[in-house]
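*Asks:* Sending over start10.cif (mmCIF, C-alpha atoms).
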```cif
data_start
#
loop_
_atom_site.label_atom_id
_atom_site.label_comp_id
_atom_site.auth_asym_id
_atom_site.auth_seq_id
_atom_site.Cartn_x
_atom_site.Cartn_y
_atom_site.Cartn_z
CA MET A 1 20.44 -9.22 17.38
CA ALA A 2 21.02 -7.16 14.25
CA GLU A 3 23.45 -4.27 14.50
CA PRO A 4 21.63 -0.97 15.19
CA LYS A 5 21.10 1.24 12.15
CA ASN A 6 20.83 5.01 12.10
CA VAL A 7 17.40 5.70 10.63
CA ALA A 8 15.80 8.81 9.16
CA ILE A 9 12.15 9.28 8.20
CA LEU A 10 11.53 11.90 5.52
CA GLY A 11 8.04 13.33 5.95
CA ALA A 12 7.95 12.09 9.54
CA THR A 13 4.95 14.14 10.69
CA GLY A 14 2.48 12.99 8.00
CA ALA A 15 0.11 10.03 8.27
CA VAL A 16 2.52 7.53 6.68
CA GLY A 17 5.61 8.90 8.41
CA THR A 18 3.91 8.71 11.80
CA GLN A 19 2.84 5.14 11.08
CA MET A 20 6.39 4.22 10.02
CA LEU A 21 7.59 5.36 13.43
CA GLU A 22 4.99 3.14 15.13
CA CYS A 23 5.91 0.17 12.93
CA LEU A 24 9.60 0.49 13.78
CA ALA A 25 8.68 0.18 17.46
CA GLU A 26 6.17 -2.63 16.98
CA ARG A 27 8.61 -4.71 14.95
CA ASP A 28 11.61 -4.05 17.25
CA PHE A 29 13.64 -2.61 14.42
CA PRO A 30 17.21 -2.03 15.65
CA VAL A 31 17.26 1.77 15.54
CA GLY A 32 20.44 3.56 16.55
CA ASP A 33 20.20 7.30 15.98
CA LEU A 34 16.75 8.44 14.84
CA HIS A 35 16.19 11.50 12.66
CA LEU A 36 12.67 12.80 12.01
CA LEU A 37 12.74 15.10 8.97
CA ALA A 38 9.95 17.42 7.91
CA SER A 39 9.11 20.85 6.45
CA PRO A 40 9.95 24.09 8.30
CA ARG A 41 6.51 24.30 9.93
CA SER A 42 7.20 21.12 11.93
CA VAL A 43 10.84 21.77 12.83
CA GLY A 44 11.41 21.85 16.58
CA LYS A 45 8.42 19.69 17.44
CA VAL A 46 9.38 16.99 19.96
CA VAL A 47 8.18 13.43 19.44
CA GLU A 48 8.43 10.78 22.15
CA TRP A 49 9.46 7.36 20.84
CA GLN A 50 10.57 4.31 22.80
CA GLY A 51 11.57 6.40 25.80
CA ARG A 52 13.42 8.94 23.66
CA LYS A 53 12.54 12.52 22.97
CA VAL A 54 13.33 13.22 19.32
CA GLU A 55 13.21 16.73 17.91
CA VAL A 56 11.97 17.13 14.34
CA GLU A 57 14.69 18.40 12.00
CA LEU A 58 14.55 20.29 8.73
CA ALA A 59 14.45 18.03 5.68
CA ALA A 60 17.69 19.03 3.97
CA PRO A 61 20.61 17.18 2.32
CA GLU A 62 22.91 17.58 5.32
CA ALA A 63 20.36 15.87 7.57
CA PHE A 64 21.26 12.53 5.95
CA GLU A 65 24.90 12.57 7.11
CA GLY A 66 25.67 9.39 9.04
CA VAL A 67 22.27 7.82 8.27
CA ASP A 68 22.17 4.15 7.25
CA ILE A 69 18.49 3.74 6.23
CA VAL A 70 16.02 6.39 5.09
CA LEU A 71 12.28 5.75 4.99
CA GLY A 72 10.65 8.16 2.55
CA ALA A 73 7.12 9.35 3.29
CA ALA A 74 7.15 12.64 1.38
CA GLY A 75 5.62 13.64 -1.96
CA ASP A 76 7.19 13.09 -5.36
CA ASP A 77 8.84 16.52 -5.65
CA VAL A 78 10.51 16.35 -2.24
CA ALA A 79 11.54 12.74 -2.86
CA LYS A 80 13.19 13.60 -6.18
CA GLU A 81 15.00 16.54 -4.63
CA LEU A 82 16.27 14.99 -1.40
CA LEU A 83 16.46 11.21 -1.59
CA PRO A 84 19.28 11.05 -4.18
CA GLU A 85 21.20 13.27 -1.75
CA ALA A 86 20.70 10.63 0.95
CA VAL A 87 22.05 7.94 -1.38
CA ARG A 88 25.09 10.09 -2.22
CA ARG A 89 25.82 10.29 1.51
CA GLY A 90 25.81 6.50 1.85
CA ALA A 91 22.26 5.76 2.98
CA THR A 92 19.92 3.12 1.54
CA VAL A 93 16.49 4.58 0.86
CA VAL A 94 13.09 2.88 0.96
CA ASP A 95 10.75 5.40 -0.65
CA ASN A 96 6.96 5.44 -0.52
CA SER A 97 6.45 8.10 -3.21
CA HIS A 98 5.76 7.40 -6.87
CA ALA A 99 8.95 9.16 -7.96
CA PHE A 100 11.15 6.11 -8.56
CA ARG A 101 8.75 3.16 -8.81
CA LEU A 102 9.06 2.57 -12.55
CA ASP A 103 12.76 3.45 -12.77
CA ALA A 104 14.50 0.42 -14.29
CA ASP A 105 17.42 0.81 -11.87
CA VAL A 106 15.19 0.83 -8.76
CA PRO A 107 13.69 -2.36 -7.26
CA LEU A 108 9.94 -2.18 -6.55
CA VAL A 109 9.31 -4.58 -3.69
CA VAL A 110 6.54 -6.35 -1.81
CA PRO A 111 8.40 -8.63 0.65
CA GLU A 112 5.83 -11.42 0.37
CA ILE A 113 6.35 -11.50 -3.41
CA ASN A 114 9.81 -10.42 -4.57
CA PRO A 115 12.16 -9.95 -1.59
CA GLU A 116 15.10 -11.09 -3.71
CA ASP A 117 14.90 -7.88 -5.76
CA VAL A 118 16.28 -5.92 -2.81
CA ALA A 119 19.69 -7.47 -3.56
CA TRP A 120 20.20 -5.46 -6.75
CA ASN A 121 19.42 -2.03 -5.31
CA HIS A 122 21.76 0.88 -5.98
CA GLY A 123 20.78 2.81 -2.89
CA LEU A 124 17.11 3.29 -3.73
CA ILE A 125 14.24 0.83 -3.23
CA ALA A 126 10.67 1.82 -4.08
CA ASN A 127 7.57 0.99 -2.06
CA PRO A 128 4.60 0.25 -4.38
CA ASN A 129 1.26 2.05 -4.49
CA CYS A 130 -1.08 1.12 -1.63
CA ALA A 131 -3.78 -0.41 -3.84
CA THR A 132 -1.15 -2.36 -5.76
CA ILE A 133 0.23 -3.89 -2.56
CA ILE A 134 -3.19 -4.80 -1.18
CA GLY A 135 -4.26 -6.38 -4.47
CA LEU A 136 -1.05 -8.26 -5.26
CA VAL A 137 -0.40 -9.87 -1.86
CA PRO A 138 -3.35 -12.28 -2.35
CA THR A 139 -2.90 -12.46 -6.13
CA TRP A 140 0.64 -13.82 -5.82
CA PRO A 141 -0.16 -17.20 -4.19
CA LEU A 142 -2.87 -17.76 -6.80
CA HIS A 143 -0.47 -16.83 -9.59
CA LYS A 144 1.88 -19.56 -8.39
CA LEU A 145 -0.95 -22.07 -8.93
CA GLY A 146 -1.97 -21.14 -12.45
CA HIS A 147 0.06 -18.18 -13.83
CA VAL A 148 -2.04 -15.01 -13.95
CA THR A 149 -2.43 -13.49 -17.40
CA ARG A 150 -5.18 -10.93 -16.78
CA MET A 151 -6.68 -8.99 -13.87
CA VAL A 152 -9.96 -7.07 -13.71
CA VAL A 153 -9.91 -4.87 -10.61
CA SER A 154 -12.21 -2.35 -8.95
CA THR A 155 -10.78 -0.57 -5.92
CA TYR A 156 -12.79 1.12 -3.18
CA GLN A 157 -10.23 3.41 -1.64
CA ALA A 158 -10.53 5.06 1.76
CA ALA A 159 -10.00 8.73 2.57
CA SER A 160 -6.66 7.76 4.14
CA GLY A 161 -5.27 7.52 0.61
CA ALA A 162 -5.26 11.32 0.59
CA GLY A 163 -3.38 11.47 3.89
CA VAL A 164 -4.33 13.45 6.97
CA PRO A 165 -6.13 16.15 4.92
CA GLY A 166 -8.37 13.51 3.33
CA MET A 167 -9.29 11.84 6.61
CA THR A 168 -9.88 15.20 8.30
CA GLU A 169 -12.12 16.40 5.47
CA LEU A 170 -14.27 13.25 5.57
CA GLU A 171 -14.65 13.47 9.36
CA GLU A 172 -15.60 17.16 9.13
CA GLN A 173 -18.15 16.48 6.39
CA LEU A 174 -19.75 13.62 8.33
CA GLY A 175 -19.86 15.81 11.43
CA ALA A 176 -21.47 18.68 9.54
CA LEU A 177 -24.12 16.37 8.07
CA GLY A 178 -24.84 14.95 11.51
CA ARG A 179 -25.41 18.46 12.86
CA GLY A 180 -27.53 19.46 9.88
CA GLU A 181 -24.95 22.04 8.78
CA GLU A 182 -23.70 23.05 5.34
CA ILE A 183 -20.64 21.22 4.05
CA GLY A 184 -17.87 23.55 2.98
CA VAL A 185 -16.06 23.52 -0.36
CA PRO A 186 -14.08 20.25 -0.68
CA LYS A 187 -10.30 20.65 -0.75
CA ALA A 188 -8.86 17.15 -0.48
CA PHE A 189 -11.24 15.60 -3.02
CA ALA A 190 -12.96 16.60 -6.26
CA ASP A 191 -16.37 16.71 -4.57
CA GLN A 192 -18.11 15.94 -1.29
CA LEU A 193 -17.01 12.49 -0.16
CA ALA A 194 -19.46 11.97 2.71
CA ASN A 195 -22.48 9.97 1.45
CA ASN A 196 -20.86 9.89 -1.97
CA LEU A 197 -18.47 7.97 -4.26
CA ILE A 198 -15.90 9.62 -6.52
CA PRO A 199 -14.94 7.40 -9.49
CA GLN A 200 -11.66 9.13 -10.25
CA ILE A 201 -8.37 8.96 -8.35
CA GLY A 202 -5.49 10.70 -10.09
CA SER A 203 -5.41 12.48 -13.42
CA GLU A 204 -6.15 10.94 -16.81
CA LYS A 205 -3.14 8.90 -17.85
CA PHE A 206 -3.92 6.56 -20.75
CA ALA A 207 -7.03 5.95 -22.89
CA GLY A 208 -9.36 7.34 -20.25
CA TYR A 209 -7.67 5.48 -17.37
CA THR A 210 -6.25 7.51 -14.50
CA SER A 211 -2.73 7.49 -13.10
CA GLU A 212 -3.95 5.50 -10.07
CA GLU A 213 -5.61 2.90 -12.30
CA MET A 214 -2.51 2.38 -14.44
CA LYS A 215 -0.36 1.72 -11.36
CA MET A 216 -1.97 -1.69 -10.84
CA GLN A 217 -0.80 -2.81 -14.28
CA ASN A 218 2.56 -1.06 -14.52
CA GLU A 219 3.67 -1.78 -10.96
CA GLY A 220 2.18 -5.26 -10.98
CA ARG A 221 4.18 -6.18 -14.07
CA LYS A 222 7.41 -5.07 -12.43
CA ILE A 223 6.81 -6.64 -9.00
CA MET A 224 5.66 -10.03 -10.30
CA HIS A 225 8.04 -10.04 -13.28
CA LEU A 226 5.10 -10.41 -15.67
CA PRO A 227 5.76 -7.94 -18.51
CA GLU A 228 2.73 -9.13 -20.49
CA LEU A 229 0.22 -8.94 -17.61
CA ARG A 230 -3.05 -7.29 -18.72
CA VAL A 231 -4.98 -5.24 -16.16
CA ASN A 232 -8.31 -3.41 -16.36
CA CYS A 233 -8.65 -1.28 -13.23
CA THR A 234 -11.25 1.22 -11.97
CA CYS A 235 -10.38 3.20 -8.82
CA VAL A 236 -13.12 4.74 -6.68
CA ARG A 237 -12.81 6.94 -3.59
CA VAL A 238 -15.34 5.88 -0.95
CA PRO A 239 -16.48 7.48 2.34
CA VAL A 240 -14.47 5.10 4.51
CA LEU A 241 -11.87 6.57 6.84
CA ARG A 242 -9.19 3.91 6.57
CA SER A 243 -8.52 0.58 4.79
CA HIS A 244 -8.90 0.00 1.05
CA SER A 245 -11.14 -2.71 -0.46
CA GLU A 246 -10.77 -4.38 -3.85
CA SER A 247 -12.80 -6.69 -6.07
CA ILE A 248 -10.43 -8.73 -8.22
CA THR A 249 -11.03 -11.22 -11.01
CA LEU A 250 -8.04 -13.23 -12.21
CA GLU A 251 -7.62 -15.14 -15.45
CA PHE A 252 -5.02 -17.93 -15.52
CA ALA A 253 -3.00 -19.71 -18.18
CA GLU A 254 -3.61 -23.02 -16.39
CA PRO A 255 -6.69 -24.41 -14.58
CA VAL A 256 -6.85 -23.65 -10.84
CA GLU A 257 -8.94 -25.76 -8.47
CA LEU A 258 -11.12 -23.63 -6.19
CA ASP A 259 -10.19 -25.63 -3.08
CA ALA A 260 -6.51 -25.29 -3.96
CA ALA A 261 -6.96 -21.54 -4.32
CA ARG A 262 -8.55 -21.25 -0.88
CA GLU A 263 -5.82 -23.41 0.65
CA ALA A 264 -3.10 -21.30 -0.98
CA LEU A 265 -4.67 -18.12 0.36
CA ALA A 266 -5.07 -19.59 3.84
CA CYS A 267 -1.36 -20.45 3.94
CA ALA A 268 0.01 -17.35 2.21
CA PRO A 269 2.18 -14.92 4.19
CA GLY A 270 0.49 -11.59 4.79
CA VAL A 271 -3.00 -12.98 4.04
CA LYS A 272 -5.95 -13.84 6.27
CA LEU A 273 -8.72 -15.90 4.65
CA VAL A 274 -12.18 -14.80 5.85
CA ASP A 275 -14.58 -16.66 3.59
CA ASP A 276 -17.59 -18.23 5.27
CA LEU A 277 -20.98 -16.85 4.19
CA ALA A 278 -22.67 -19.11 6.77
CA ALA A 279 -20.78 -17.60 9.73
CA GLU A 280 -22.91 -16.08 12.48
CA LYS A 281 -21.09 -12.75 12.56
CA ALA A 282 -20.66 -10.67 9.41
CA CYS A 283 -17.01 -9.99 10.30
CA ASP A 284 -16.36 -13.75 9.98
CA ARG A 285 -18.12 -14.01 6.61
CA PHE A 286 -16.05 -11.64 4.48
CA PRO A 287 -13.45 -8.85 4.80
CA MET A 288 -14.63 -5.33 5.58
CA PRO A 289 -12.60 -2.13 6.05
CA LEU A 290 -14.02 -1.58 9.53
CA TYR A 291 -12.25 -4.72 10.76
CA THR A 292 -9.11 -4.62 8.62
CA SER A 293 -7.95 -1.19 9.77
CA ASP A 294 -4.96 -0.77 12.09
CA GLN A 295 -3.44 -4.20 11.35
CA ASP A 296 -1.07 -5.58 8.72
CA LEU A 297 -2.79 -8.53 7.04
CA VAL A 298 -4.71 -8.41 3.77
CA TRP A 299 -8.04 -10.12 4.45
CA VAL A 300 -9.47 -12.15 1.55
CA GLY A 301 -12.94 -13.60 1.04
CA ARG A 302 -15.81 -14.16 -1.42
CA VAL A 303 -13.49 -16.56 -3.29
CA ARG A 304 -15.45 -18.03 -6.19
CA ARG A 305 -15.37 -18.98 -9.85
CA ASP A 306 -15.55 -16.32 -12.54
CA ILE A 307 -18.72 -17.62 -14.19
CA SER A 308 -18.30 -15.14 -17.08
CA ASN A 309 -15.10 -16.89 -18.19
CA PRO A 310 -15.80 -19.42 -21.00
CA ASP A 311 -13.32 -21.70 -19.24
CA GLU A 312 -14.42 -21.40 -15.61
CA ALA A 313 -11.44 -23.44 -14.40
CA ARG A 314 -9.18 -20.59 -15.48
CA GLY A 315 -11.03 -17.78 -13.67
CA ILE A 316 -11.31 -16.83 -9.98
CA THR A 317 -12.89 -13.78 -8.33
CA PHE A 318 -12.25 -12.59 -4.78
CA TRP A 319 -12.69 -9.60 -2.47
CA CYS A 320 -9.92 -8.23 -0.27
CA CYS A 321 -9.35 -5.43 2.25
CA GLY A 322 -6.20 -4.02 3.80
CA ASP A 323 -5.05 -1.04 5.82
CA GLN A 324 -3.80 1.58 3.36
CA ILE A 325 -1.54 3.36 5.85
CA ARG A 326 -0.02 0.20 7.31
CA LYS A 327 0.48 -2.66 4.82
CA GLY A 328 -0.33 -0.34 1.94
CA ALA A 329 2.51 2.01 2.90
CA ALA A 330 4.36 2.14 6.23
CA THR A 331 4.53 -1.53 7.19
CA ASN A 332 5.61 -2.61 3.72
CA ALA A 333 8.43 -0.05 3.82
CA VAL A 334 9.62 -1.24 7.23
CA GLN A 335 9.46 -4.85 6.02
CA ILE A 336 11.74 -3.85 3.13
CA ALA A 337 14.11 -2.18 5.59
CA GLU A 338 14.19 -5.44 7.56
CA LEU A 339 15.41 -7.22 4.44
CA LEU A 340 18.37 -4.81 4.42
CA LEU A 341 19.44 -6.07 7.84
#
```
Using the file provided, produce a representation of the structure as structure tokens.

*Replies:*
Amino acid sequence: MAEPKNVAILGATGAVGTQMLECLAERDFPVGDLHLLASPRSVGKVVEWQGRKVEVELAAPEAFEGVDIVLGAAGDDVAKELLPEAVRRGATVVDNSHAFRLDADVPLVVPEINPEDVAWNHGLIANPNCATIIGLVPTWPLHKLGHVTRMVVSTYQAASGAGVPGMTELEEQLGALGRGEEIGVPKAFADQLANNLIPQIGSEKFAGYTSEEMKMQNEGRKIMHLPELRVNCTCVRVPVLRSHSESITLEFAEPVELDAAREALACAPGVKLVDDLAAEKACDRFPMPLYTSDQDLVWVGRVRRDISNPDEARGITFWCCGDQIRKGAATNAVQIAELLL
């Protein structure tokens, strides 16, 4: 048994923080003292966890005293303000915000891909963007077959990507439509999400691409140690409560056999191959967000040649789905914390 670690969750009452708490229990993480840190409006709330009653504390520098591992589930501003304080007090931080992901001194880790990068941390380890994690987990085993040089990606991202406010807003809009009522002014999204698609996530970042779209390239390069990787990504918000979906086309430096690709995916850690168009049930034919929510595997299907590639042997297209809150955020962070043990 690993020695118990004193653990703190920053942003413990949000969607990702709450899921981190569940993942710690599910994975039997050796938690000693547990500190749940949040904003003043949540201070004093009591959370039951593994037979304990834990009172939510104020997120402040002194709250990190005596903590071994901090799981960050707060926004960029709070992360920048408080997490370096945790490191100064001797804690190792696994942070889910965007604040430190592209910092050259901070490892950016997906345990199925680059667990060895944890070894060179200086107190901070970054958890990648949810869509990046879900897309790269199945890309990695294919990269090992033929060396990926280019990715063309379209993401279909659930309301959960905007946290509890996003999920609540979608549920309220669907409820209002069902009752024949007016939908109020959207707050979590740029427009009504129910019965709609919104083809912009994040602000414009580079040449018409948004900040969310550039994460797939910039984070993917760092995680896979592929500084020349080329990525064309379009991110779309869809009226799905939970679990992101992605259509991905890969271009390789070397030919990749289709059967070898399917075998690699079937054997890859963190991946479930669901790729049988002749199956009786639709859920056995291809991945769908309805069935990939509330679990930790990235489901992959529709694996086929990229027939638009002049050299078909060097192109593969697939579809994947994964739970944004779990593997796309909380579970990945807890997996990183396990590497620290």

*Asks:* Give me the residues of range 222-282 of chain A that have any atom at most 12 Å from an atom of range 116-133 of chain A; for each, the nearest atom pair and the distance in Å, rounded to one decimal. Use only C-alpha atoms, sort by chain and number, and format it as JSON lines.

*Replies:*
```
{"residue": "A:Lys222", "atom": "CA", "partner": "A:Pro128", "partner_atom": "CA", "distance": 10.0}
{"residue": "A:Ile223", "atom": "CA", "partner": "A:Pro128", "partner_atom": "CA", "distance": 8.6}
{"residue": "A:Met224", "atom": "CA", "partner": "A:Asp117", "partner_atom": "CA", "distance": 10.5}
{"residue": "A:His225", "atom": "CA", "partner": "A:Asp117", "partner_atom": "CA", "distance": 10.4}
{"residue": "A:Val231", "atom": "CA", "partner": "A:Thr132", "partner_atom": "CA", "distance": 11.5}
{"residue": "A:Cys233", "atom": "CA", "partner": "A:Ala131", "partner_atom": "CA", "distance": 10.6}
{"residue": "A:Thr234", "atom": "CA", "partner": "A:Ala131", "partner_atom": "CA", "distance": 11.2}
{"residue": "A:Cys235", "atom": "CA", "partner": "A:Ala131", "partner_atom": "CA", "distance": 9.0}
{"residue": "A:Val236", "atom": "CA", "partner": "A:Ala131", "partner_atom": "CA", "distance": 11.0}
{"residue": "A:Arg237", "atom": "CA", "partner": "A:Ala131", "partner_atom": "CA", "distance": 11.6}
{"residue": "A:Arg242", "atom": "CA", "partner": "A:Cys130", "partner_atom": "CA", "distance": 11.9}
{"residue": "A:Ser243", "atom": "CA", "partner": "A:Cys130", "partner_atom": "CA", "distance": 9.8}
{"residue": "A:His244", "atom": "CA", "partner": "A:Ala131", "partner_atom": "CA", "distance": 7.1}
{"residue": "A:Ser245", "atom": "CA", "partner": "A:Ala131", "partner_atom": "CA", "distance": 8.4}
{"residue": "A:Glu246", "atom": "CA", "partner": "A:Ala131", "partner_atom": "CA", "distance": 8.0}
{"residue": "A:Ser247", "atom": "CA", "partner": "A:Ala131", "partner_atom": "CA", "distance": 11.2}
{"residue": "A:Ile248", "atom": "CA", "partner": "A:Ala131", "partner_atom": "CA", "distance": 11.5}
{"residue": "A:Gly270", "atom": "CA", "partner": "A:Ile133", "partner_atom": "CA", "distance": 10.6}
{"residue": "A:Val271", "atom": "CA", "partner": "A:Ile133", "partner_atom": "CA", "distance": 11.7}
```

*Asks:* Extract, using all atoms listed in the file, all DNA, RNA and protein residues at most 8 Å from range 162-175 of chain A, discarding same-chain residues fewer than 3 positions from it, and format them as a PyMOL selection string.

*Replies:* chain A and resi 14-16+159+178-179+183-184+186-189+192-194+239+241-242

*Asks:* Using C-alpha atoms, can you write the selected residues to a file as an mmCIF file, keeping the file's coordinate frame?

*Replies:*
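again.cif, written as the output of this step:
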```
data_model
loop_
_atom_site.group_PDB
_atom_site.id
_atom_site.type_symbol
_atom_site.label_atom_id
_atom_site.label_comp_id
_atom_site.auth_asym_id
_atom_site.auth_seq_id
_atom_site.Cartn_x
_atom_site.Cartn_y
_atom_site.Cartn_z
ATOM 1 C CA GLY A 14 2.480 12.990 8.000
ATOM 2 C CA ALA A 15 0.110 10.030 8.270
ATOM 3 C CA VAL A 16 2.520 7.530 6.680
ATOM 4 C CA ALA A 159 -10.000 8.730 2.570
ATOM 5 C CA GLY A 178 -24.840 14.950 11.510
ATOM 6 C CA ARG A 179 -25.410 18.460 12.860
ATOM 7 C CA ILE A 183 -20.640 21.220 4.050
ATOM 8 C CA GLY A 184 -17.870 23.550 2.980
ATOM 9 C CA PRO A 186 -14.080 20.250 -0.680
ATOM 10 C CA LYS A 187 -10.300 20.650 -0.750
ATOM 11 C CA ALA A 188 -8.860 17.150 -0.480
ATOM 12 C CA PHE A 189 -11.240 15.600 -3.020
ATOM 13 C CA GLN A 192 -18.110 15.940 -1.290
ATOM 14 C CA LEU A 193 -17.010 12.490 -0.160
ATOM 15 C CA ALA A 194 -19.460 11.970 2.710
ATOM 16 C CA PRO A 239 -16.480 7.480 2.340
ATOM 17 C CA LEU A 241 -11.870 6.570 6.840
ATOM 18 C CA ARG A 242 -9.190 3.910 6.570
#
```

*Asks:* Pull out every residue that the PyMOL selection byres ((chain A and resi 320) around 7) matches in the shown coordinates and put them as a list in words.

*Replies:*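 Expected selection for the PyMOL selection byres ((chain A and resi 320) around 7) here is Ser245, Glu246, Ser247, Pro287, Val298, Trp299, Val300, Gly301, Phe318, Trp319, Cys321 and Gly322 of chain A.
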
*Asks:* Nearest to Leu226 in chain A: which of A:Arg314, A:Lys45, A:Lys53, A:Arg150 is it, counting only C-alpha atoms?

*Replies:*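 Of all the options, A:Arg150 lies closest to Leu226 in chain A.
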
*Asks:* How far is it from CA of Ile316 in chain A to CA of Arg304 in chain A, in Å with one decimal?

*Replies:*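 Going from CA of Ile316 in chain A over to CA of Arg304 in chain A covers 5.7 Å.
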
*Asks:* Neighbours of Val54 in chain A within 9 Å (only C-alpha atoms; same-chain residues fewer than 4 positions away dropped), as a list in words?

*Replies:* Leu34, His35, Leu36, Lys45, Val46, Val47, Glu48 and Trp49 of chain A

*Asks:* Written as number ranges by chain, which residues does the PyMOL selection byres ((chain A and resi 96) around 10) give for the file shown?

*Replies:* A: 10, 16-17, 71-76, 79, 93-95, 97-101, 125-130, 328-330, 332-333

*Asks:* Could you tell me how far CA of Ile325 in chain A lies from CA of Val185 in chain A, in Å and to one decimal?

*Replies:* 25.6 Å

*Asks:* Find the distance between CA of Arg88 in chain A and CA of Arg27 in chain A and write it in Å to one decimal.

*Replies:*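 Value for the CA of Arg88 in chain A-CA of Arg27 in chain A distance: 28.0 Å.
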
*Asks:* Could you spell out the hits of the PyMOL selection byres ((chain A and resi 251) around 12) on the shown file, as a PyMOL selection string?

*Replies:* chain A and resi 139+142-143+145-153+229-232+248-250+252-256+305-318

*Asks:* Could you check which of A:Phe64, A:Asp296, A:Arg41, A:Ala282 is closest to Gly90 in chain A, using only C-alpha atoms?

*Replies:*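 Counting only C-alpha atoms, the residue closest to Gly90 in chain A is A:Phe64.
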
*Asks:* Point out the residue among A:Val106, A:Ala2, A:Val303, A:Val240 with the least atom-to-atom distance to Leu341 in chain A, counting only C-alpha atoms.

*Replies:*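 Checking each candidate against Leu341 in chain A, we get A:Ala2 as the closest.
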